Amino acid sequence: MLKTSMVRVVGAVVLGLVAATVHAADLTANAGVASNYVFRGFTQSDDGPAIQGGIDFAPNNGFYAGAWGSTVDCAIGSSCFGGNSNGDGLEVDLYVGYHAKLKDNWGMDLGYIIYEYTDSNLDANRELYVGVNYQGFSFTYYRGNDTSANGPDYDYLDFKVKAELADKAYFLGHFGHFDPRTGSNWNDASIGVGKELWGLDFSLALTSEDLTNKEKFYVTVVKRFDLK
């Protein structure tokens, strides 16, 4: 069972928005597999494959909500987002937010996300975020809360760029900075390329972080569905 009542709260909001806006919403789903589930520079699947999927919807007024899940495998002493305990099972993320279109191709994003786990050895994280974007560039600030007994609050800064290439290909770049209220901070960065083939989205990425100074290369294949 999921461990926090906040999951039920956000889940109720998600379902309420669906019921209220399903006729006007752009409702989509996705399902995929990754050779390694990497989040902010660290493996969440013990350097093994992960099955992933989610659903998203966005009313025409700028609000959006969704749910996303992945299999996880966190070994003792690992840098899993759910903590350094031995745990596996599923990660379930629930989120709601609002995206505003501003002048001259600028945009602003504000939202809330919960990262939950079915394994009681792993602890939930909650984040408020605010971001700005311009064409293919974005900057997002996350204010996080680790729900474990000794987990510190933290800040995370996320810079991203996406550039369209020829023949439905694209380039992705990312730089992140994690700063806990106590403990060591660290940076992570990644570069990658992707392309749509046979109705699937293929991407290749190389990521690195400077806490343990490890690099990881992984492949992701995703199928997207329009549910309208």
# chains A, B, ... in the order shown; residues from 1 in each chain; ligands from 1
$ select_by_dssp --residues "chain A" --states "helix (DSSP H, G or I)" --output "VMD selection string"
chain A and resid 5 to 21
$ select_by_dssp --residues "range 34-65 of chain A" --states "strand (DSSP E)" --output "list in words"
Ala34, Val38, Phe39, Phe42, Thr43, Ala50, Ile51, Gln52, Gly53, Gly54, Ile55, Asp56, Phe57, Phe63, Tyr64 and Ala65 of chain A
$ atom_distance --atom1 "CA of Thr28 in chain A" --atom2 "CA of Ala65 in chain A"
11.1 Å
$ closest_residue --among "A:Gly97, A:Gly111, A:Gly48, A:Pro152" --to "Cys74 in chain A" --atoms "only C-alpha atoms"
A:Gly48
$ residues_around --residues "range 159-167 of chain A" --least-positions-apart "5" --cutoff "7 Å" --atoms "only C-alpha atoms" --output "PyMOL selection string"
chain A and resi 136-140+172-176
$ write_last_selection --atoms "N, CA, C and O atoms" --output "mmCIF file, in the first residue's frame"
data_model
loop_
_atom_site.group_PDB
_atom_site.id
_atom_site.type_symbol
_atom_site.label_atom_id
_atom_site.label_comp_id
_atom_site.auth_asym_id
_atom_site.auth_seq_id
_atom_site.Cartn_x
_atom_site.Cartn_y
_atom_site.Cartn_z
ATOM 1 N N GLY A 136 13.035 26.127 -26.752
ATOM 2 C CA GLY A 136 13.536 24.833 -26.302
ATOM 3 C C GLY A 136 14.337 24.876 -25.015
ATOM 4 O O GLY A 136 14.897 23.846 -24.596
ATOM 5 N N PHE A 137 14.393 26.027 -24.329
ATOM 6 C CA PHE A 137 15.173 26.155 -23.101
ATOM 7 C C PHE A 137 14.241 26.249 -21.892
ATOM 8 O O PHE A 137 13.169 26.852 -21.965
ATOM 9 N N SER A 138 14.661 25.653 -20.763
ATOM 10 C CA SER A 138 13.865 25.762 -19.541
ATOM 11 C C SER A 138 14.775 25.786 -18.321
ATOM 12 O O SER A 138 15.865 25.199 -18.318
ATOM 13 N N PHE A 139 14.299 26.469 -17.279
ATOM 14 C CA PHE A 139 14.955 26.483 -15.974
ATOM 15 C C PHE A 139 13.880 26.262 -14.923
ATOM 16 O O PHE A 139 12.865 26.970 -14.910
ATOM 17 N N THR A 140 14.083 25.262 -14.040
ATOM 18 C CA THR A 140 13.090 24.928 -13.026
ATOM 19 C C THR A 140 13.756 24.813 -11.666
ATOM 20 O O THR A 140 14.818 24.202 -11.524
ATOM 21 N N LEU A 172 19.057 16.584 -26.662
ATOM 22 C CA LEU A 172 18.682 16.947 -25.300
ATOM 23 C C LEU A 172 19.926 17.238 -24.473
ATOM 24 O O LEU A 172 20.909 16.495 -24.535
ATOM 25 N N GLY A 173 19.885 18.304 -23.705
ATOM 26 C CA GLY A 173 20.956 18.621 -22.777
ATOM 27 C C GLY A 173 20.377 18.984 -21.415
ATOM 28 O O GLY A 173 19.270 19.533 -21.318
ATOM 29 N N HIS A 174 21.089 18.655 -20.351
ATOM 30 C CA HIS A 174 20.592 18.903 -18.994
ATOM 31 C C HIS A 174 21.754 19.159 -18.049
ATOM 32 O O HIS A 174 22.819 18.529 -18.155
ATOM 33 N N PHE A 175 21.542 20.083 -17.103
ATOM 34 C CA PHE A 175 22.462 20.286 -15.990
ATOM 35 C C PHE A 175 21.626 20.492 -14.737
ATOM 36 O O PHE A 175 20.650 21.267 -14.743
ATOM 37 N N GLY A 176 21.978 19.791 -13.651
ATOM 38 C CA GLY A 176 21.249 19.920 -12.398
ATOM 39 C C GLY A 176 22.175 20.133 -11.216
ATOM 40 O O GLY A 176 23.326 19.689 -11.217
#
$ closest_residue --among "A:Phe178, A:Tyr129, A:Tyr64, A:Phe225" --to "His99 in chain A" --atoms "only C-alpha atoms"
A:Tyr64
$ closest_residue --among "A:Phe42, A:Phe81, A:Tyr112, A:Phe202" --to "Ala189 in chain A" --atoms "only C-alpha atoms"
A:Phe42
